[in-house]
Amino acid sequence: MAAPPLPFDDAQNAVLDHRDGALLATGGPGTGKTTVLRERFARLVEGGAEPERVALVLGTRGSRDAARTALLERLPTSLPGLQVLTFHGLAYRVLKLREGEPPEVLGAAEQFAKVRELLDGQDPGAWPAYGSLLGIRGFADEVRQLLTRMQESLRTPDQLIAAAEARGLGGWPELARFAQEYLDALDSVNQVDYAGLVQLAAAAAPAGEPLFDHVLVDDFQDTTLAAEALLGGLGARSIVVAADPDAHVFSFQGATRVPLDRFGIETFPGAQRIELATDHRRSGTVQTRAWVTAHTSEEHAAIARELRRVHVEDGVAWGALAVIVRRQGAHLGNLLRALDDARIPRAVPERGRSLTLASATYPYVLALRWLIADAAQRDELIEPLLTSDVVGLSPAAARGVIRLAKTTGAGPRAAAAALDRTDGLDPEEAARVDRARATLDKAALFAGMSVQDAFKVLWEELPCSVRLVEAGGPELDTVVTFANVISEASEQGDAGVAAFLEALDAGEHGPGWTAHDVVGADAVQVLTAHGAVGMEFDTVVVSGTTEGNFPSLSRPEPMFDLGTLDKIRSRSEQVRERLEDERRLFRMVLGRARRGVALFAADTHPDADELTQRSRFVDELGVRWEPLADSAAAEPGPA
């Protein structure tokens with residue numbers, strides 16, 4: 001049996017000793033919020049509370065699984081009825097206890113499919129503002145998000161119409177009518193989506209004797225009004241909520257700080273408040289360093305060297321290291337390949353990587369994008385194409401032919417012509433360019449007709465295919481999965497490359513097809529910034545610490561923002577709010593480290609006289625950038 005984490009400080013002991021009523025415990029990263037909630041849960045059960053009437057609610061599935069594992073080790077007996085849940089799990093439990101048989105819950109993909117099905121049956125004439133968009137996948141996803149946010153904020157279709165009319169906003173009446181049609185369609189077959197599940201549970205919770213004696217909630221800084229209503233309706237004898245007010249980072253997903261800000265005032269009036277101030281995560285100052293390279297491939301190689309150095313020289317287990325990227329973007333595939341080339345075990349645990357970003361499939365997706373790209377898009381794709389396994393040039397060689405194409409080509413869009421140049425390349429490099437160009441030209445013949453035939457050309461003639469077959473293992477399995485997806489897509493409607501990539505990016509039924517890495521017991525965790533919430537590592541390496549990533553101010557606002565029904569925000573207000581969100585996110589990422597943080601950036605314009613791309617947030621930390629030369633510096637040996 002695992003020993004409880006002792007000793008606790010005075011503030012934590014006050015949380016553990018809390019008896020009845022509501023309590024809010026706040027604190028920054030490392031102050032023991034999650035630990036004290038787990039310990040309170042364990043002590044309540046050990047003290048005689050019925051396990052099924054004590055609920056611990058976590059913000060994510062990963063946090064739930066980690067807490068459940070820790071508690072099963074902490075408690076002396078097996079407890080199959082352990083109520084360690086997400087808010088969705090709590091909602092399902094409430095409906096099951098109140099109604100006996102909860103409705104069928106639609107996942108995101110199934111919800112998206114239902115929205116598309118209903119939109120396909122709409123009369124465009126009944127949609128004066130959006131009739132021309134009804135058949136577009138992107139529009140369907142925007143509508144899906146609106147339906148989710150509407151239910152999370154406890155709004156009804158009638159309330160949408162009333163608010164829109166009060167502000168004189170057009171387009172909303174048809175959206176509200178569709179929302180009601182959607183809800184009626186689900187209700188007729190006893191179905192509900194995840195947002196509706198919580199809303200239904202919030203309505204059902206107060207209808208009877210309390211279902212729980214004690215409820216504990218973590219990460220309350222990111223929640224919804226429906227979850228707040230569910231918590232308030234439970235009527236538990238004690239409610240203990242933990243939050244980090246400065247770590248509200250999920251507003252883009254519809255989460256809000258409103259329930260936290262009004263806790264103890266409008267909701268749970270008179271609730272006790274306790275500030276957890278002692279940092280238990282770090283024994284000393286976290287060392288933060290920032291390095292800059294001339295190119296992203298050099299940045300990725302430097303990250304691999306730093307991970308190996310920390311592992312070998314400092315004796316840190318692979319599993320205690322993390323690489324954080326802003327998002328699953330275009331460079332993730334190359335980063336993963338750099339780690340694989342350095343033989344660093346790694347895992348991407350966030351519900352799998354998109355097949356567009358898996359290191360094994362990345363060259364094929366990149367090549368498919370090239371086939372249908374216009375001149376401007378090819379200018380953006382040319383450098384990744386040349387340095388990927390499609391061609392396989394070094395960054396320096398790729399920059400050389402691109403520079404030559406720009407200086408000798410006609411017009412502003414000359415970079416893409418680098419694929420036609422072999423000037424200055426050695427014979428082997430020139431042969432790679434010639435072979436890739438011939439392969440892409442051949443595959444382009446099929447781009448408008450059959451993605452399956454285009455992929456067949458790429459698979460048979462790109463050299464990376466031979467290497468994958470010879471190596472075998474998980475990467476080959478990923479490409480086989482990708483080929484099966486292409487085959488499946490070819491049997492459904494438009495089989496061209498453009499339609500396939502649109503479906504792959506947007507998701508034919510919501511989120512795109514994914515491939516999961518096998519998560520080993522000891523592997524570097526490769527996470528997005530938001531995926532790192534609630535996690536803890538010895539050392540955190542941040543890739544792409546540049547403007548556009550930290551902060552990222554270019555994310556489009558939702559097409560249908562419920563906030564506009566209450567207040568029209570100016571563009572400057574939106575940018576200020578986004579910047580504060582991004583600053584909190586960056587600080588949260590740094591707070592995941594116990595001992596060290598390594599920040600990496602690549603100057604995207606290595607020929608420029610002035611460097612302007614590095615993140616402003618690093619300057620705010622007072623950390624100086626250090627240049628890191630592109631070199632095959634001596635690395636620690638294998639461990």
# chains A, B, ... in the order shown; residues from 1 in each chain; ligands from 1

call {"tool": "residues_around", "arguments": {"residues": "A:Ala483", "least_positions_apart": "6", "cutoff": "10 Å", "atoms": "only C-alpha atoms", "output": "VMD selection string"}}
result
chain A and resid 361 452 455 to 456 459 477 489

call {"tool": "select_by_dssp", "arguments": {"residues": "stretch 204-445 of chain A", "states": "helix (DSSP H, G or I)", "output": "number ranges by chain"}}
result
A: 204, 225-233, 245-247, 251-253, 258-261, 296-313, 318-320, 332-341, 362-372, 375-387, 395-408, 415-420, 427-444

call {"tool": "residues_around", "arguments": {"residues": "stretch 572-587 of chain A", "least_positions_apart": "4", "cutoff": "7 Å", "atoms": "only C-alpha atoms", "output": "count of residues only"}}
result
8

call {"tool": "select_by_dssp", "arguments": {"residues": "stretch 9-117 of chain A", "states": "strand (DSSP E or B)", "output": "PyMOL selection string"}}
result
chain A and resi 21-27+54-58+83-86+104-106

call {"tool": "write_last_selection", "arguments": {"atoms": "C-alpha atoms", "output": "mmCIF file, in the first residue's frame"}}
result
data_model
loop_
_atom_site.group_PDB
_atom_site.id
_atom_site.type_symbol
_atom_site.label_atom_id
_atom_site.label_comp_id
_atom_site.auth_asym_id
_atom_site.auth_seq_id
_atom_site.Cartn_x
_atom_site.Cartn_y
_atom_site.Cartn_z
ATOM 1 C CA GLY A 21 -20.458 23.457 3.589
ATOM 2 C CA ALA A 22 -18.518 24.836 0.649
ATOM 3 C CA LEU A 23 -14.806 25.630 0.508
ATOM 4 C CA LEU A 24 -12.673 27.141 -2.252
ATOM 5 C CA ALA A 25 -8.938 26.364 -2.215
ATOM 6 C CA THR A 26 -6.861 28.457 -4.609
ATOM 7 C CA GLY A 27 -3.167 28.348 -5.409
ATOM 8 C CA VAL A 54 -17.891 10.578 -2.209
ATOM 9 C CA ALA A 55 -17.086 12.043 -5.634
ATOM 10 C CA LEU A 56 -13.810 13.452 -6.923
ATOM 11 C CA VAL A 57 -14.309 15.393 -10.167
ATOM 12 C CA LEU A 58 -11.336 16.120 -12.452
ATOM 13 C CA GLN A 83 -16.406 7.799 -7.839
ATOM 14 C CA VAL A 84 -13.436 9.454 -9.549
ATOM 15 C CA LEU A 85 -14.988 11.157 -12.552
ATOM 16 C CA THR A 86 -14.951 13.953 -15.082
ATOM 17 C CA GLU A 104 -27.383 7.422 -25.396
ATOM 18 C CA VAL A 105 -24.484 9.876 -25.445
ATOM 19 C CA LEU A 106 -23.134 11.028 -28.808
#

call {"tool": "residues_around", "arguments": {"residues": "stretch 228-238 of chain A", "least_positions_apart": "6", "cutoff": "9 Å", "atoms": "only C-alpha atoms", "output": "compact mmCIF listing (two decimals) with all heavy atoms, in the first residue's frame"}}
result
# COMPACT_ATOMS: atom_id res chain seq x y z
N HIS A 18 -11.73 20.30 6.78
CA HIS A 18 -13.02 20.94 6.51
C HIS A 18 -14.16 19.94 6.69
O HIS A 18 -14.07 18.79 6.25
CB HIS A 18 -13.03 21.49 5.08
CG HIS A 18 -14.33 22.11 4.69
ND1 HIS A 18 -14.77 23.32 5.20
CD2 HIS A 18 -15.30 21.70 3.83
CE1 HIS A 18 -15.92 23.62 4.67
NE2 HIS A 18 -16.28 22.65 3.84
N ARG A 19 -15.23 20.39 7.34
CA ARG A 19 -16.33 19.47 7.64
C ARG A 19 -17.51 19.70 6.71
O ARG A 19 -17.69 19.00 5.73
CB ARG A 19 -16.74 19.62 9.11
CG ARG A 19 -15.61 19.27 10.09
CD ARG A 19 -16.07 19.34 11.53
NE ARG A 19 -17.12 18.38 11.82
CZ ARG A 19 -16.90 17.10 12.13
NH1 ARG A 19 -15.67 16.63 12.18
NH2 ARG A 19 -17.91 16.30 12.39
N ASP A 20 -18.33 20.68 6.97
CA ASP A 20 -19.55 20.87 6.20
C ASP A 20 -19.52 22.19 5.43
O ASP A 20 -18.81 23.13 5.78
CB ASP A 20 -20.77 20.86 7.13
CG ASP A 20 -20.92 19.54 7.86
OD1 ASP A 20 -20.40 18.51 7.35
OD2 ASP A 20 -21.53 19.52 8.94
N GLY A 21 -20.35 22.24 4.36
CA GLY A 21 -20.46 23.46 3.59
C GLY A 21 -19.45 23.51 2.46
O GLY A 21 -18.75 22.54 2.16
N ALA A 22 -19.37 24.67 1.83
CA ALA A 22 -18.52 24.84 0.65
C ALA A 22 -17.20 25.48 1.01
O ALA A 22 -17.12 26.32 1.92
CB ALA A 22 -19.24 25.68 -0.41
N LEU A 23 -16.15 25.08 0.29
CA LEU A 23 -14.81 25.63 0.51
C LEU A 23 -14.12 25.78 -0.84
O LEU A 23 -14.18 24.87 -1.68
CB LEU A 23 -13.98 24.73 1.43
CG LEU A 23 -12.55 25.17 1.76
CD1 LEU A 23 -12.17 24.73 3.17
CD2 LEU A 23 -11.53 24.61 0.77
N PHE A 87 -16.60 15.76 -15.22
CA PHE A 87 -17.95 16.30 -15.06
C PHE A 87 -18.95 15.54 -15.93
O PHE A 87 -20.11 15.35 -15.55
CB PHE A 87 -17.98 17.79 -15.41
CG PHE A 87 -17.99 18.68 -14.20
CD1 PHE A 87 -16.90 19.48 -13.91
CD2 PHE A 87 -19.07 18.69 -13.34
CE1 PHE A 87 -16.89 20.30 -12.79
CE2 PHE A 87 -19.08 19.49 -12.19
CZ PHE A 87 -17.98 20.30 -11.93
N LEU A 90 -19.70 12.42 -14.05
CA LEU A 90 -20.59 12.75 -12.93
C LEU A 90 -22.01 12.93 -13.43
O LEU A 90 -22.98 12.43 -12.82
CB LEU A 90 -20.10 14.02 -12.24
CG LEU A 90 -20.98 14.55 -11.11
CD1 LEU A 90 -20.98 13.60 -9.93
CD2 LEU A 90 -20.50 15.94 -10.67
N ALA A 91 -22.17 13.62 -14.56
CA ALA A 91 -23.50 13.85 -15.12
C ALA A 91 -24.17 12.52 -15.48
O ALA A 91 -25.37 12.32 -15.21
CB ALA A 91 -23.40 14.75 -16.35
N VAL A 94 -25.30 10.81 -12.31
CA VAL A 94 -26.49 11.44 -11.74
C VAL A 94 -27.74 11.00 -12.49
O VAL A 94 -28.76 10.63 -11.89
CB VAL A 94 -26.35 12.98 -11.78
CG1 VAL A 94 -27.70 13.65 -11.51
CG2 VAL A 94 -25.32 13.43 -10.75
N LEU A 154 -26.29 27.05 -20.66
CA LEU A 154 -27.67 26.91 -20.18
C LEU A 154 -28.65 27.84 -20.92
O LEU A 154 -29.66 28.26 -20.37
CB LEU A 154 -27.76 27.19 -18.67
CG LEU A 154 -26.96 26.24 -17.77
CD1 LEU A 154 -27.05 26.67 -16.31
CD2 LEU A 154 -27.46 24.80 -17.91
N VAL A 198 -24.64 17.14 -19.49
CA VAL A 198 -24.43 17.91 -18.26
C VAL A 198 -25.64 18.78 -17.97
O VAL A 198 -26.07 18.93 -16.82
CB VAL A 198 -23.15 18.76 -18.37
CG1 VAL A 198 -22.94 19.57 -17.10
CG2 VAL A 198 -21.93 17.88 -18.63
N GLN A 199 -26.22 19.37 -19.01
CA GLN A 199 -27.40 20.21 -18.82
C GLN A 199 -28.57 19.40 -18.26
O GLN A 199 -29.26 19.85 -17.34
CB GLN A 199 -27.78 20.86 -20.15
CG GLN A 199 -28.88 21.91 -20.02
CD GLN A 199 -29.21 22.54 -21.37
OE1 GLN A 199 -29.15 21.87 -22.40
NE2 GLN A 199 -29.56 23.81 -21.37
N LEU A 200 -28.79 18.20 -18.80
CA LEU A 200 -29.86 17.34 -18.29
C LEU A 200 -29.60 16.95 -16.84
O LEU A 200 -30.52 16.93 -16.01
CB LEU A 200 -29.98 16.09 -19.16
CG LEU A 200 -30.70 16.21 -20.50
CD1 LEU A 200 -30.68 14.86 -21.21
CD2 LEU A 200 -32.12 16.69 -20.31
N ALA A 201 -28.34 16.62 -16.53
CA ALA A 201 -28.01 16.21 -15.17
C ALA A 201 -28.19 17.36 -14.19
O ALA A 201 -28.63 17.15 -13.05
CB ALA A 201 -26.58 15.70 -15.12
N ALA A 202 -27.87 18.58 -14.63
CA ALA A 202 -28.06 19.74 -13.76
C ALA A 202 -29.52 19.92 -13.40
O ALA A 202 -29.86 20.31 -12.28
CB ALA A 202 -27.51 21.00 -14.45
N ALA A 203 -30.42 19.63 -14.36
CA ALA A 203 -31.85 19.74 -14.08
C ALA A 203 -32.35 18.61 -13.20
O ALA A 203 -33.27 18.79 -12.38
CB ALA A 203 -32.62 19.75 -15.40
N ALA A 204 -31.73 17.42 -13.35
CA ALA A 204 -32.20 16.24 -12.60
C ALA A 204 -31.63 16.16 -11.19
O ALA A 204 -32.24 15.56 -10.30
CB ALA A 204 -31.85 14.97 -13.37
N ALA A 205 -30.46 16.74 -10.96
CA ALA A 205 -29.75 16.57 -9.69
C ALA A 205 -30.58 16.95 -8.46
O ALA A 205 -30.59 16.21 -7.46
CB ALA A 205 -28.43 17.34 -9.73
N PRO A 206 -31.29 18.09 -8.45
CA PRO A 206 -32.00 18.48 -7.22
C PRO A 206 -33.27 17.68 -6.97
O PRO A 206 -33.89 17.84 -5.90
CB PRO A 206 -32.35 19.96 -7.48
CG PRO A 206 -31.58 20.37 -8.69
CD PRO A 206 -31.38 19.14 -9.48
N ALA A 207 -33.70 16.85 -7.91
CA ALA A 207 -35.01 16.19 -7.81
C ALA A 207 -34.94 14.95 -6.94
O ALA A 207 -35.02 13.82 -7.42
CB ALA A 207 -35.51 15.83 -9.21
N GLU A 209 -33.50 13.15 -2.87
CA GLU A 209 -32.49 13.22 -1.82
C GLU A 209 -31.10 13.36 -2.44
O GLU A 209 -30.84 12.86 -3.53
CB GLU A 209 -32.55 11.95 -0.96
CG GLU A 209 -33.81 11.82 -0.13
CD GLU A 209 -33.92 12.94 0.90
OE1 GLU A 209 -32.89 13.25 1.55
OE2 GLU A 209 -35.02 13.51 1.02
N PRO A 210 -30.17 14.05 -1.74
CA PRO A 210 -28.82 14.21 -2.28
C PRO A 210 -28.18 12.86 -2.60
O PRO A 210 -28.33 11.89 -1.86
CB PRO A 210 -28.08 14.92 -1.15
CG PRO A 210 -29.13 15.66 -0.40
CD PRO A 210 -30.35 14.77 -0.45
N LEU A 211 -27.48 12.81 -3.73
CA LEU A 211 -26.85 11.57 -4.19
C LEU A 211 -25.44 11.39 -3.63
O LEU A 211 -24.91 10.29 -3.62
CB LEU A 211 -26.78 11.55 -5.72
CG LEU A 211 -28.13 11.65 -6.44
CD1 LEU A 211 -27.92 11.79 -7.94
CD2 LEU A 211 -28.97 10.42 -6.13
N PHE A 212 -24.85 12.49 -3.16
CA PHE A 212 -23.49 12.44 -2.62
C PHE A 212 -23.43 13.20 -1.31
O PHE A 212 -24.11 14.21 -1.12
CB PHE A 212 -22.49 13.05 -3.62
CG PHE A 212 -22.42 12.33 -4.93
CD1 PHE A 212 -23.17 12.77 -6.01
CD2 PHE A 212 -21.61 11.21 -5.10
CE1 PHE A 212 -23.12 12.11 -7.23
CE2 PHE A 212 -21.56 10.55 -6.30
CZ PHE A 212 -22.31 11.00 -7.38
N ASP A 213 -22.57 12.71 -0.42
CA ASP A 213 -22.33 13.42 0.84
C ASP A 213 -21.19 14.42 0.70
O ASP A 213 -21.21 15.49 1.31
CB ASP A 213 -22.00 12.42 1.96
CG ASP A 213 -23.16 11.49 2.25
OD1 ASP A 213 -24.32 11.96 2.20
OD2 ASP A 213 -22.93 10.29 2.50
N HIS A 214 -20.19 14.05 -0.09
CA HIS A 214 -19.01 14.90 -0.24
C HIS A 214 -18.61 14.95 -1.72
O HIS A 214 -18.52 13.92 -2.38
CB HIS A 214 -17.83 14.35 0.57
CG HIS A 214 -18.16 14.10 2.01
ND1 HIS A 214 -18.20 15.10 2.96
CD2 HIS A 214 -18.49 12.94 2.67
CE1 HIS A 214 -18.53 14.58 4.13
NE2 HIS A 214 -18.71 13.27 3.99
N VAL A 215 -18.37 16.15 -2.22
CA VAL A 215 -17.94 16.33 -3.61
C VAL A 215 -16.68 17.18 -3.61
O VAL A 215 -16.61 18.22 -2.94
CB VAL A 215 -19.04 16.99 -4.46
CG1 VAL A 215 -18.55 17.19 -5.89
CG2 VAL A 215 -20.31 16.15 -4.45
N LEU A 216 -15.69 16.75 -4.36
CA LEU A 216 -14.43 17.47 -4.49
C LEU A 216 -14.19 17.73 -5.97
O LEU A 216 -14.33 16.81 -6.79
CB LEU A 216 -13.27 16.66 -3.91
CG LEU A 216 -13.38 16.22 -2.43
CD1 LEU A 216 -14.08 14.85 -2.34
CD2 LEU A 216 -12.00 16.13 -1.80
N PRO A 259 -17.91 30.82 -13.02
CA PRO A 259 -18.25 30.06 -11.81
C PRO A 259 -17.23 30.24 -10.69
O PRO A 259 -17.61 30.28 -9.50
CB PRO A 259 -18.29 28.61 -12.31
CG PRO A 259 -18.64 28.72 -13.75
CD PRO A 259 -17.90 29.95 -14.21
N THR A 267 -23.06 32.01 -5.93
CA THR A 267 -23.27 30.57 -5.70
C THR A 267 -22.50 30.17 -4.45
O THR A 267 -21.41 30.69 -4.18
CB THR A 267 -22.76 29.74 -6.89
OG1 THR A 267 -21.38 30.04 -7.12
CG2 THR A 267 -23.55 30.08 -8.15
N PHE A 268 -23.07 29.27 -3.70
CA PHE A 268 -22.49 28.83 -2.42
C PHE A 268 -22.11 30.03 -1.55
O PHE A 268 -20.96 30.20 -1.14
CB PHE A 268 -21.27 27.94 -2.65
CG PHE A 268 -21.53 26.78 -3.57
CD1 PHE A 268 -21.09 26.80 -4.88
CD2 PHE A 268 -22.22 25.67 -3.12
CE1 PHE A 268 -21.33 25.74 -5.74
CE2 PHE A 268 -22.48 24.60 -3.96
CZ PHE A 268 -22.03 24.64 -5.27

call {"tool": "atom_distance", "arguments": {"atom1": "atom CA of A:Glu502", "atom2": "atom CA of A:Ile136"}}
result
10.5 Å

call {"tool": "residues_around", "arguments": {"residues": "A:Ala416", "least_positions_apart": "6", "cutoff": "9 Å", "atoms": "only C-alpha atoms", "output": "NGL selection string"}}
result
:A and (375-383 or 402 or 405-406)

call {"tool": "write_last_selection", "arguments": {"atoms": "N, CA and C atoms", "output": "PDB file, in the first residue's frame"}}
result
ATOM      1  N   ALA A 375       0.230  28.696 -56.536  1.00  0.00           N
ATOM      2  CA  ALA A 375       1.599  29.213 -56.488  1.00  0.00           C
ATOM      3  C   ALA A 375       1.963  29.745 -55.109  1.00  0.00           C
ATOM      4  N   ALA A 376       1.042  30.487 -54.473  1.00  0.00           N
ATOM      5  CA  ALA A 376       1.336  31.049 -53.158  1.00  0.00           C
ATOM      6  C   ALA A 376       1.508  29.940 -52.123  1.00  0.00           C
ATOM      7  N   GLN A 377       0.653  28.935 -52.180  1.00  0.00           N
ATOM      8  CA  GLN A 377       0.749  27.831 -51.225  1.00  0.00           C
ATOM      9  C   GLN A 377       2.031  27.034 -51.427  1.00  0.00           C
ATOM     10  N   ARG A 378       2.446  26.861 -52.687  1.00  0.00           N
ATOM     11  CA  ARG A 378       3.688  26.131 -52.945  1.00  0.00           C
ATOM     12  C   ARG A 378       4.900  26.886 -52.430  1.00  0.00           C
ATOM     13  N   ASP A 379       4.850  28.209 -52.464  1.00  0.00           N
ATOM     14  CA  ASP A 379       5.945  28.983 -51.884  1.00  0.00           C
ATOM     15  C   ASP A 379       6.099  28.685 -50.393  1.00  0.00           C
ATOM     16  N   GLU A 380       4.969  28.448 -49.707  1.00  0.00           N
ATOM     17  CA  GLU A 380       5.023  28.122 -48.281  1.00  0.00           C
ATOM     18  C   GLU A 380       5.429  26.672 -48.045  1.00  0.00           C
ATOM     19  N   LEU A 381       5.098  25.804 -48.994  1.00  0.00           N
ATOM     20  CA  LEU A 381       5.363  24.378 -48.820  1.00  0.00           C
ATOM     21  C   LEU A 381       6.759  23.948 -49.276  1.00  0.00           C
ATOM     22  N   ILE A 382       7.421  24.777 -50.082  1.00  0.00           N
ATOM     23  CA  ILE A 382       8.627  24.309 -50.745  1.00  0.00           C
ATOM     24  C   ILE A 382       9.725  23.911 -49.765  1.00  0.00           C
ATOM     25  N   GLU A 383       9.970  24.710 -48.728  1.00  0.00           N
ATOM     26  CA  GLU A 383      11.054  24.356 -47.803  1.00  0.00           C
ATOM     27  C   GLU A 383      10.742  23.100 -47.004  1.00  0.00           C
ATOM     28  N   ILE A 402      16.468  27.480 -52.791  1.00  0.00           N
ATOM     29  CA  ILE A 402      15.348  28.425 -52.692  1.00  0.00           C
ATOM     30  C   ILE A 402      15.840  29.847 -52.939  1.00  0.00           C
ATOM     31  N   ALA A 405      16.416  30.269 -56.579  1.00  0.00           N
ATOM     32  CA  ALA A 405      15.158  30.382 -57.318  1.00  0.00           C
ATOM     33  C   ALA A 405      14.561  31.769 -57.165  1.00  0.00           C
ATOM     34  N   LYS A 406      14.684  32.349 -55.973  1.00  0.00           N
ATOM     35  CA  LYS A 406      14.137  33.682 -55.743  1.00  0.00           C
ATOM     36  C   LYS A 406      14.901  34.753 -56.507  1.00  0.00           C
TER      37      LYS A 406
END

call {"tool": "residues_around", "arguments": {"residues": "A:Leu71", "least_positions_apart": "5", "cutoff": "9 Å", "atoms": "only C-alpha atoms", "output": "compact mmCIF listing (two decimals) with N, CA and C atoms, in the first residue's frame"}}
result
# COMPACT_ATOMS: atom_id res chain seq x y z
N ARG A 38 -6.99 14.57 -3.39
CA ARG A 38 -6.89 13.10 -3.35
C ARG A 38 -6.81 12.61 -1.90
N GLU A 39 -6.01 13.30 -1.09
CA GLU A 39 -5.86 12.88 0.30
C GLU A 39 -7.16 13.05 1.07
N PHE A 41 -10.14 12.87 -0.20
CA PHE A 41 -10.99 11.77 -0.66
C PHE A 41 -10.64 10.49 0.11
N ALA A 42 -9.34 10.18 0.17
CA ALA A 42 -8.91 8.94 0.84
C ALA A 42 -9.28 8.96 2.31
N ALA A 66 -5.17 9.29 -13.63
CA ALA A 66 -4.04 9.38 -12.71
C ALA A 66 -4.53 9.39 -11.26
N LEU A 82 -15.47 3.31 -6.88
CA LEU A 82 -14.78 4.57 -6.64
C LEU A 82 -15.30 5.65 -7.59

call {"tool": "closest_atom_pairs", "arguments": {"of": "stretch 327-389 of chain A", "to": "stretch 292-298 of chain A", "cutoff": "9 Å", "atoms": "only C-alpha atoms", "output": "JSON lines"}}
result
{"residue": "A:His331", "atom": "CA", "partner": "A:Thr296", "partner_atom": "CA", "distance": 8.0}
{"residue": "A:Asn334", "atom": "CA", "partner": "A:Ser297", "partner_atom": "CA", "distance": 7.3}
{"residue": "A:Leu335", "atom": "CA", "partner": "A:Ser297", "partner_atom": "CA", "distance": 7.7}
{"residue": "A:Ala338", "atom": "CA", "partner": "A:Ser297", "partner_atom": "CA", "distance": 8.0}
{"residue": "A:Thr387", "atom": "CA", "partner": "A:Ser297", "partner_atom": "CA", "distance": 8.2}

call {"tool": "residues_around", "arguments": {"residues": "stretch 192-195 of chain A", "least_positions_apart": "2", "cutoff": "9 Å", "atoms": "only C-alpha atoms", "output": "NGL selection string"}}
result
:A and (88 or 103-108 or 110-111 or 147-152 or 183 or 186-187 or 190 or 197-200 or 226)

call {"tool": "atom_distance", "arguments": {"atom1": "atom CA of A:Ile161", "atom2": "atom CA of A:Leu565"}}
result
9.5 Å

call {"tool": "atom_distance", "arguments": {"atom1": "atom CA of A:Gln145", "atom2": "atom CA of A:Leu160"}}
result
14.6 Å

call {"tool": "closest_residue", "arguments": {"among": "A:Ser388, A:Asp17, A:Asp603, A:Leu445", "to": "A:Arg432", "atoms": "only C-alpha atoms"}}
result
A:Ser388

call {"tool": "closest_residue", "arguments": {"among": "A:Ala418, A:Ala438, A:Pro128, A:Arg144", "to": "A:Pro173", "atoms": "only C-alpha atoms"}}
result
A:Pro128
